[in-house]
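Structure file query_26.cif; described as mmCIF, C-alpha atoms and all ligand atoms.
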```cif
data_upload
loop_
_atom_site.label_atom_id
_atom_site.label_comp_id
_atom_site.auth_asym_id
_atom_site.auth_seq_id
_atom_site.Cartn_x
_atom_site.Cartn_y
_atom_site.Cartn_z
CA MET A 5 1.57 14.22 9.53
CA THR A 6 4.67 12.73 8.00
CA ASP A 7 7.79 13.48 9.96
CA PHE A 8 10.89 13.63 7.87
CA PRO A 9 12.79 10.40 8.36
CA GLU A 10 16.45 10.34 9.23
CA PHE A 11 16.74 7.92 6.39
CA GLN A 12 14.28 6.22 4.13
CA ASN A 13 14.84 3.35 1.79
CA GLU A 14 12.31 2.07 -0.70
CA ARG A 15 12.58 -1.23 -2.42
CA THR A 16 10.49 -3.75 -4.25
CA SER A 17 11.08 -7.15 -2.81
CA LYS A 18 9.62 -10.61 -2.72
CA ALA A 19 7.83 -11.43 0.52
CA ARG A 20 9.67 -14.11 2.47
CA LYS A 21 6.56 -14.68 4.57
CA ASP A 22 3.02 -13.37 4.62
CA HIS A 23 2.82 -9.69 5.49
CA LYS A 24 0.00 -7.26 6.06
CA CYS A 25 -0.36 -4.32 3.71
CA CYS A 26 -0.28 -1.08 5.71
CA GLU A 27 -2.69 0.69 3.33
CA CYS A 28 -5.49 -1.85 2.83
CA ASP A 29 -4.83 -4.34 5.67
CA GLY A 30 -4.87 -7.14 3.12
CA ILE A 31 -2.36 -9.96 3.11
CA ILE A 32 0.77 -9.74 1.01
CA PHE A 33 1.33 -13.40 0.35
CA LYS A 34 4.69 -15.04 0.68
CA GLY A 35 6.54 -14.96 -2.63
CA PHE A 36 4.72 -11.88 -3.93
CA ALA A 37 6.53 -8.78 -5.03
CA HIS A 38 5.60 -5.83 -2.87
CA LYS A 39 6.89 -2.44 -1.86
CA ALA A 40 8.82 -2.20 1.39
CA VAL A 41 9.81 1.16 2.84
CA THR A 42 12.22 1.20 5.74
CA GLY A 43 13.06 4.39 7.52
CA LYS A 44 13.87 5.95 10.82
CA TRP A 45 11.15 8.21 12.17
CA ASN A 46 11.45 9.79 15.59
CA GLY A 47 14.38 7.58 16.44
CA ALA A 48 12.66 4.31 15.64
CA VAL A 49 13.36 2.18 12.58
CA GLN A 50 10.17 0.94 10.98
CA THR A 51 9.31 -0.95 7.84
CA PHE A 52 6.05 -0.42 6.01
CA ARG A 53 4.97 -2.99 3.48
CA MET A 54 2.30 -2.58 0.87
CA HIS A 55 0.88 -4.13 -2.26
CA ILE A 56 2.32 -2.75 -5.48
CA ALA A 57 -1.19 -1.57 -6.41
CA CYS A 58 -1.65 0.20 -3.10
CA SER A 59 1.77 1.85 -3.26
CA GLN A 60 1.05 3.15 -6.76
CA ILE A 61 -2.18 4.79 -5.65
CA ALA A 62 -0.39 6.26 -2.63
CA GLU A 63 2.38 7.57 -4.88
CA ASN A 64 -0.13 9.17 -7.24
CA ALA A 65 -1.98 10.65 -4.28
CA ARG A 66 1.23 12.14 -2.86
CA ASP A 67 2.02 13.66 -6.26
CA PHE A 68 -1.48 15.06 -6.46
CA PHE A 69 -1.34 16.57 -2.99
CA THR A 70 2.00 18.27 -3.69
CA THR A 71 1.42 19.43 -7.28
CA GLU A 72 -2.35 20.03 -7.43
CA VAL A 73 -3.32 20.82 -3.87
CA GLY A 74 -0.04 22.53 -3.07
CA LEU A 75 0.72 20.81 0.22
CA PHE A 76 4.25 20.61 1.53
CA GLU A 77 5.91 17.26 1.92
CA ASP A 78 5.52 17.28 5.66
CA GLU A 79 1.78 17.92 5.36
CA ILE A 80 1.16 14.82 3.31
CA PHE A 81 -0.29 11.66 4.75
CA GLY A 82 2.05 9.03 6.10
CA PHE A 83 2.21 5.31 5.45
CA GLY A 84 -0.99 3.54 6.38
CA GLU A 85 -3.05 6.71 6.02
CA LEU A 86 -3.90 6.57 2.33
CA VAL A 87 -7.56 5.58 2.66
CA GLU A 88 -8.25 8.15 5.37
CA ALA A 89 -6.47 10.89 3.41
CA ALA A 90 -8.35 10.05 0.20
CA ARG A 91 -11.69 9.98 1.97
CA GLU A 92 -11.04 13.31 3.62
CA ASP A 93 -9.95 14.74 0.27
CA ALA A 94 -13.08 13.40 -1.42
CA ASP A 95 -15.33 14.85 1.28
CA CYS A 96 -13.66 18.26 1.27
CA GLY A 97 -13.36 18.49 -2.49
CA ASP A 98 -16.78 16.95 -3.12
CA TYR A 99 -15.32 14.86 -5.95
CA ILE A 100 -13.76 11.52 -6.71
CA PRO A 101 -10.03 11.99 -6.25
CA PRO A 102 -8.27 11.58 -9.62
CA TYR A 103 -5.59 9.32 -8.15
CA TRP A 104 -8.17 6.85 -6.88
CA PRO A 105 -8.99 3.89 -9.16
CA SER A 106 -12.39 4.34 -10.76
CA GLY A 107 -15.14 2.03 -9.63
CA VAL A 108 -13.44 1.39 -6.29
CA TRP A 109 -15.04 2.71 -3.14
CA ILE A 110 -12.75 4.65 -0.81
CA SER A 111 -12.45 2.15 2.00
CA ARG A 112 -9.87 -0.33 3.16
CA GLY A 113 -12.13 -3.22 2.22
CA ALA A 114 -12.61 -2.00 -1.35
CA LEU A 115 -8.92 -1.20 -1.71
CA ARG A 116 -8.12 -4.68 -0.44
CA GLN A 117 -10.27 -6.25 -3.16
CA HIS A 118 -8.74 -3.97 -5.76
CA ALA A 119 -5.21 -4.89 -4.66
CA ALA A 120 -6.01 -8.59 -4.65
CA LYS A 121 -7.33 -8.35 -8.21
CA ALA A 122 -4.40 -6.21 -9.36
CA SER A 123 -1.80 -8.56 -7.92
CA ALA A 124 -0.63 -11.00 -10.49
CA LEU A 125 -1.57 -14.32 -9.01
CA PRO A 126 1.09 -16.97 -9.36
CA SER A 127 0.02 -19.95 -11.39
CA SER A 128 -1.00 -23.09 -9.55
CA GLU A 129 2.21 -24.79 -10.74
CA GLU A 130 4.34 -22.13 -9.09
CA ARG A 131 2.36 -22.40 -5.90
CA SER A 132 2.62 -26.15 -5.61
CA ASP A 133 6.41 -25.83 -5.91
CA THR A 134 6.70 -23.81 -2.76
CA ALA A 135 3.97 -25.13 -0.50
CA SER A 136 1.53 -27.99 -0.44
CA PRO A 137 -2.16 -27.02 -0.42
CA LEU A 138 -2.46 -28.35 3.13
CA VAL A 139 0.32 -26.12 4.39
CA ARG A 140 -1.13 -23.12 2.64
CA ALA A 141 -4.64 -23.74 3.93
CA GLY A 142 -3.38 -23.94 7.47
CA ALA A 143 -1.24 -20.83 7.22
ZN ZN B 1 -2.75 -3.27 -0.06
#
```

Written as structure tokens, how would this file's structure read?
Ligand SMILES: [Zn+2]
Amino acid sequence: MTDFPEFQNERTSKARKDHKCCECDGIIFKGFAHKAVTGKWNGAVQTFRMHIACSQIAENARDFFTTEVGLFEDEIFGFGELVEAAREDADCGDYIPPYWPSGVWISRGALRQHAAKASALPSSEERSDTASPLVRAGA
């Protein structure tokens, strides 16, 4: 599923504008730290952005699939495929995957809520420094 990239660069950066998380489809708000992975797959440079919480689950899942399930790196799910991979794993294994946060349903919607809760929300003072409530509401 995952083609080996010609190059891949992972970084944690602050969002300069709102982005969409590739794993849960939730919004990564401007100013929030998030994980950005840029790489070149099949000749095309792409950047995948995700919540820190989502990227940690994905990282744990990739570890689990390589060490516990014994998959090779190129058999592991790609970016944006975490929920589908976890659901398939849960169905096949008839268990709750150990890398999945407990009490969270395996769906993009549930992951989105989990990520929103896990993200440290900036205080209202910090927010008012960068954008007025009117601007933010309209964004
Ligand atoms: Zn997310």

Determine, for each residue of chain A having at least one atom at most 8 Å from an atom of ligand ZN 1 (chain B), the closest pair of atoms and their separation in Å to one decimal, counting all atoms listed in the file; order by chain and ascending number, as a tab-separated table.
```
residue	atom	partner	partner_atom	distance
A:Lys24	CA	B:ZN1	ZN	7.8
A:Cys25	CA	B:ZN1	ZN	4.6
A:Cys26	CA	B:ZN1	ZN	6.6
A:Glu27	CA	B:ZN1	ZN	5.2
A:Cys28	CA	B:ZN1	ZN	4.2
A:Asp29	CA	B:ZN1	ZN	6.2
A:Gly30	CA	B:ZN1	ZN	5.4
A:Ile31	CA	B:ZN1	ZN	7.4
A:Ile32	CA	B:ZN1	ZN	7.4
A:Met54	CA	B:ZN1	ZN	5.2
A:His55	CA	B:ZN1	ZN	4.3
A:Ile56	CA	B:ZN1	ZN	7.4
A:Ala57	CA	B:ZN1	ZN	6.8
A:Cys58	CA	B:ZN1	ZN	4.7
A:Ser59	CA	B:ZN1	ZN	7.5
A:Leu115	CA	B:ZN1	ZN	6.7
A:Arg116	CA	B:ZN1	ZN	5.6
A:Ala119	CA	B:ZN1	ZN	5.5
A:Ala120	CA	B:ZN1	ZN	7.7
```

Output file for the residues above (C-alpha atoms, as an mmCIF file, in the frame of the given file):
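Produced file again-v4.cif, reproduced below:
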```cif
data_model
loop_
_atom_site.group_PDB
_atom_site.id
_atom_site.type_symbol
_atom_site.label_atom_id
_atom_site.label_comp_id
_atom_site.auth_asym_id
_atom_site.auth_seq_id
_atom_site.Cartn_x
_atom_site.Cartn_y
_atom_site.Cartn_z
ATOM 1 C CA LYS A 24 0.000 -7.260 6.060
ATOM 2 C CA CYS A 25 -0.360 -4.320 3.710
ATOM 3 C CA CYS A 26 -0.280 -1.080 5.710
ATOM 4 C CA GLU A 27 -2.690 0.690 3.330
ATOM 5 C CA CYS A 28 -5.490 -1.850 2.830
ATOM 6 C CA ASP A 29 -4.830 -4.340 5.670
ATOM 7 C CA GLY A 30 -4.870 -7.140 3.120
ATOM 8 C CA ILE A 31 -2.360 -9.960 3.110
ATOM 9 C CA ILE A 32 0.770 -9.740 1.010
ATOM 10 C CA MET A 54 2.300 -2.580 0.870
ATOM 11 C CA HIS A 55 0.880 -4.130 -2.260
ATOM 12 C CA ILE A 56 2.320 -2.750 -5.480
ATOM 13 C CA ALA A 57 -1.190 -1.570 -6.410
ATOM 14 C CA CYS A 58 -1.650 0.200 -3.100
ATOM 15 C CA SER A 59 1.770 1.850 -3.260
ATOM 16 C CA LEU A 115 -8.920 -1.200 -1.710
ATOM 17 C CA ARG A 116 -8.120 -4.680 -0.440
ATOM 18 C CA ALA A 119 -5.210 -4.890 -4.660
ATOM 19 C CA ALA A 120 -6.010 -8.590 -4.650
#
```

Exercise: Gly35 in chain A partners within 8 Å, only C-alpha atoms, chain neighbours under 6 positions left out, as a PyMOL selection string: chain A and resi 18-21

Selection: 12 Å around Val73 in chain A, all atoms listed in the file, excl. self and same-chain fewer than 6 positions, as a PyMOL selection string: chain A and resi 65-67+79-80+93+96-97+101-102

Nearest to His23 in chain A, chosen from A:Trp109, A:Phe11, A:His38, A:Arg91, with all atoms listed in the file counted in the distances: A:His38

Counting all atoms listed in the file, what is within 10 Å of Arg15 in chain A, bar same-chain residues fewer than 4 positions away, as a ChimeraX atom specification? /A:38-42,53

Among listed residues A:Glu92, A:Glu85, A:Glu10, A:Glu63, nearest Trp45 in chain A (using all atoms listed in the file): A:Glu10

Which value, in Å to one decimal, gives the distance between CA of Val87 in chain A and CA of Arg112 in chain A? 6.4 Å

Closest of A:Ala90, A:Phe52, A:Asn64, A:Gly84 to Val108 in chain A - atom-to-atom distances counting only C-alpha atoms: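 Of A:Ala90, A:Phe52, A:Asn64, A:Gly84, the one nearest Val108 in chain A is A:Ala90, counting only C-alpha atoms.
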
Would you compute the distance between CA of Pro105 in chain A and CA of Ile61 in chain A? Give it in Å to one decimal.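 Result for CA of Pro105 in chain A versus CA of Ile61 in chain A: 7.7 Å, one decimal.
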
In Å, how far is it from CA of Gln12 in chain A to CA of Leu86 in chain A? 18.3 Å

Ranking A:Glu88, A:Gly82, A:Gln50, A:Thr16 by minimum distance to Phe36 in chain A and counting all atoms listed in the file, which one comes first? A:Thr16

Top pick for closest residue to Tyr103 in chain A, considering A:Leu75, A:Gln117, A:Ser123, A:Phe68 and counting only C-alpha atoms: A:Phe68

Where atoms are lacking, range 45-74 of chain A completed to N, CA and C atoms, as a PDB file, keeping the file's coordinate frame:
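Generated output (result30.pdb):
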```pdb
ATOM      1  N   TRP A  45      11.988   7.075  11.808  1.00  0.00           N
ATOM      2  CA  TRP A  45      11.150   8.210  12.170  1.00  0.00           C
ATOM      3  C   TRP A  45      11.156   8.357  13.688  1.00  0.00           C
ATOM      4  N   ASN A  46      11.423   9.540  14.144  1.00  0.00           N
ATOM      5  CA  ASN A  46      11.450   9.790  15.590  1.00  0.00           C
ATOM      6  C   ASN A  46      12.310   8.783  16.340  1.00  0.00           C
ATOM      7  N   GLY A  47      13.431   8.455  15.758  1.00  0.00           N
ATOM      8  CA  GLY A  47      14.380   7.580  16.440  1.00  0.00           C
ATOM      9  C   GLY A  47      14.091   6.100  16.353  1.00  0.00           C
ATOM     10  N   ALA A  48      12.999   5.727  15.718  1.00  0.00           N
ATOM     11  CA  ALA A  48      12.660   4.310  15.640  1.00  0.00           C
ATOM     12  C   ALA A  48      12.670   3.846  14.181  1.00  0.00           C
ATOM     13  N   VAL A  49      13.332   2.744  13.929  1.00  0.00           N
ATOM     14  CA  VAL A  49      13.360   2.180  12.580  1.00  0.00           C
ATOM     15  C   VAL A  49      12.093   1.363  12.362  1.00  0.00           C
ATOM     16  N   GLN A  50      11.406   1.663  11.283  1.00  0.00           N
ATOM     17  CA  GLN A  50      10.170   0.940  10.980  1.00  0.00           C
ATOM     18  C   GLN A  50      10.176   0.533   9.516  1.00  0.00           C
ATOM     19  N   THR A  51       9.483  -0.535   9.228  1.00  0.00           N
ATOM     20  CA  THR A  51       9.310  -0.950   7.840  1.00  0.00           C
ATOM     21  C   THR A  51       7.818  -1.019   7.542  1.00  0.00           C
ATOM     22  N   PHE A  52       7.440  -0.362   6.470  1.00  0.00           N
ATOM     23  CA  PHE A  52       6.050  -0.420   6.010  1.00  0.00           C
ATOM     24  C   PHE A  52       6.019  -1.227   4.730  1.00  0.00           C
ATOM     25  N   ARG A  53       5.089  -2.159   4.673  1.00  0.00           N
ATOM     26  CA  ARG A  53       4.970  -2.990   3.480  1.00  0.00           C
ATOM     27  C   ARG A  53       3.607  -2.791   2.861  1.00  0.00           C
ATOM     28  N   MET A  54       3.579  -2.777   1.542  1.00  0.00           N
ATOM     29  CA  MET A  54       2.300  -2.580   0.870  1.00  0.00           C
ATOM     30  C   MET A  54       2.280  -3.278  -0.474  1.00  0.00           C
ATOM     31  N   HIS A  55       1.054  -3.571  -0.927  1.00  0.00           N
ATOM     32  CA  HIS A  55       0.880  -4.130  -2.260  1.00  0.00           C
ATOM     33  C   HIS A  55       1.420  -3.125  -3.286  1.00  0.00           C
ATOM     34  N   ILE A  56       1.868  -3.634  -4.399  1.00  0.00           N
ATOM     35  CA  ILE A  56       2.320  -2.750  -5.480  1.00  0.00           C
ATOM     36  C   ILE A  56       1.167  -1.816  -5.867  1.00  0.00           C
ATOM     37  N   ALA A  57      -0.034  -2.379  -6.006  1.00  0.00           N
ATOM     38  CA  ALA A  57      -1.190  -1.570  -6.410  1.00  0.00           C
ATOM     39  C   ALA A  57      -1.464  -0.460  -5.404  1.00  0.00           C
ATOM     40  N   CYS A  58      -1.385  -0.789  -4.141  1.00  0.00           N
ATOM     41  CA  CYS A  58      -1.650   0.200  -3.100  1.00  0.00           C
ATOM     42  C   CYS A  58      -0.570   1.287  -3.093  1.00  0.00           C
ATOM     43  N   SER A  59       0.679   0.873  -3.295  1.00  0.00           N
ATOM     44  CA  SER A  59       1.770   1.850  -3.260  1.00  0.00           C
ATOM     45  C   SER A  59       1.682   2.790  -4.458  1.00  0.00           C
ATOM     46  N   GLN A  60       1.177   2.281  -5.591  1.00  0.00           N
ATOM     47  CA  GLN A  60       1.050   3.150  -6.760  1.00  0.00           C
ATOM     48  C   GLN A  60      -0.019   4.215  -6.541  1.00  0.00           C
ATOM     49  N   ILE A  61      -1.128   3.807  -5.935  1.00  0.00           N
ATOM     50  CA  ILE A  61      -2.180   4.790  -5.650  1.00  0.00           C
ATOM     51  C   ILE A  61      -1.656   5.826  -4.659  1.00  0.00           C
ATOM     52  N   ALA A  62      -0.930   5.344  -3.641  1.00  0.00           N
ATOM     53  CA  ALA A  62      -0.390   6.260  -2.630  1.00  0.00           C
ATOM     54  C   ALA A  62       0.600   7.233  -3.268  1.00  0.00           C
ATOM     55  N   GLU A  63       1.402   6.721  -4.197  1.00  0.00           N
ATOM     56  CA  GLU A  63       2.380   7.570  -4.880  1.00  0.00           C
ATOM     57  C   GLU A  63       1.667   8.645  -5.697  1.00  0.00           C
ATOM     58  N   ASN A  64       0.648   8.213  -6.433  1.00  0.00           N
ATOM     59  CA  ASN A  64      -0.130   9.170  -7.240  1.00  0.00           C
ATOM     60  C   ASN A  64      -0.800  10.203  -6.340  1.00  0.00           C
ATOM     61  N   ALA A  65      -1.301   9.733  -5.208  1.00  0.00           N
ATOM     62  CA  ALA A  65      -1.980  10.650  -4.280  1.00  0.00           C
ATOM     63  C   ALA A  65      -0.987  11.664  -3.734  1.00  0.00           C
ATOM     64  N   ARG A  66       0.227  11.209  -3.396  1.00  0.00           N
ATOM     65  CA  ARG A  66       1.230  12.140  -2.860  1.00  0.00           C
ATOM     66  C   ARG A  66       1.616  13.170  -3.919  1.00  0.00           C
ATOM     67  N   ASP A  67       1.742  12.719  -5.167  1.00  0.00           N
ATOM     68  CA  ASP A  67       2.020  13.660  -6.260  1.00  0.00           C
ATOM     69  C   ASP A  67       0.911  14.681  -6.373  1.00  0.00           C
ATOM     70  N   PHE A  68      -0.330  14.187  -6.320  1.00  0.00           N
ATOM     71  CA  PHE A  68      -1.480  15.060  -6.460  1.00  0.00           C
ATOM     72  C   PHE A  68      -1.518  16.094  -5.346  1.00  0.00           C
ATOM     73  N   PHE A  69      -1.283  15.645  -4.129  1.00  0.00           N
ATOM     74  CA  PHE A  69      -1.340  16.570  -2.990  1.00  0.00           C
ATOM     75  C   PHE A  69      -0.246  17.632  -3.075  1.00  0.00           C
ATOM     76  N   THR A  70       0.924  17.266  -3.597  1.00  0.00           N
ATOM     77  CA  THR A  70       2.000  18.270  -3.690  1.00  0.00           C
ATOM     78  C   THR A  70       1.794  19.183  -4.894  1.00  0.00           C
ATOM     79  N   THR A  71       1.476  18.606  -6.070  1.00  0.00           N
ATOM     80  CA  THR A  71       1.420  19.430  -7.280  1.00  0.00           C
ATOM     81  C   THR A  71       0.086  20.132  -7.454  1.00  0.00           C
ATOM     82  N   GLU A  72      -1.026  19.441  -7.170  1.00  0.00           N
ATOM     83  CA  GLU A  72      -2.350  20.030  -7.430  1.00  0.00           C
ATOM     84  C   GLU A  72      -2.892  20.780  -6.221  1.00  0.00           C
ATOM     85  N   VAL A  73      -2.761  20.192  -5.070  1.00  0.00           N
ATOM     86  CA  VAL A  73      -3.320  20.820  -3.870  1.00  0.00           C
ATOM     87  C   VAL A  73      -2.325  21.816  -3.270  1.00  0.00           C
ATOM     88  N   GLY A  74      -1.047  21.593  -3.534  1.00  0.00           N
ATOM     89  CA  GLY A  74      -0.040  22.530  -3.070  1.00  0.00           C
ATOM     90  C   GLY A  74       0.409  22.325  -1.633  1.00  0.00           C
TER      91      GLY A  74
END
```
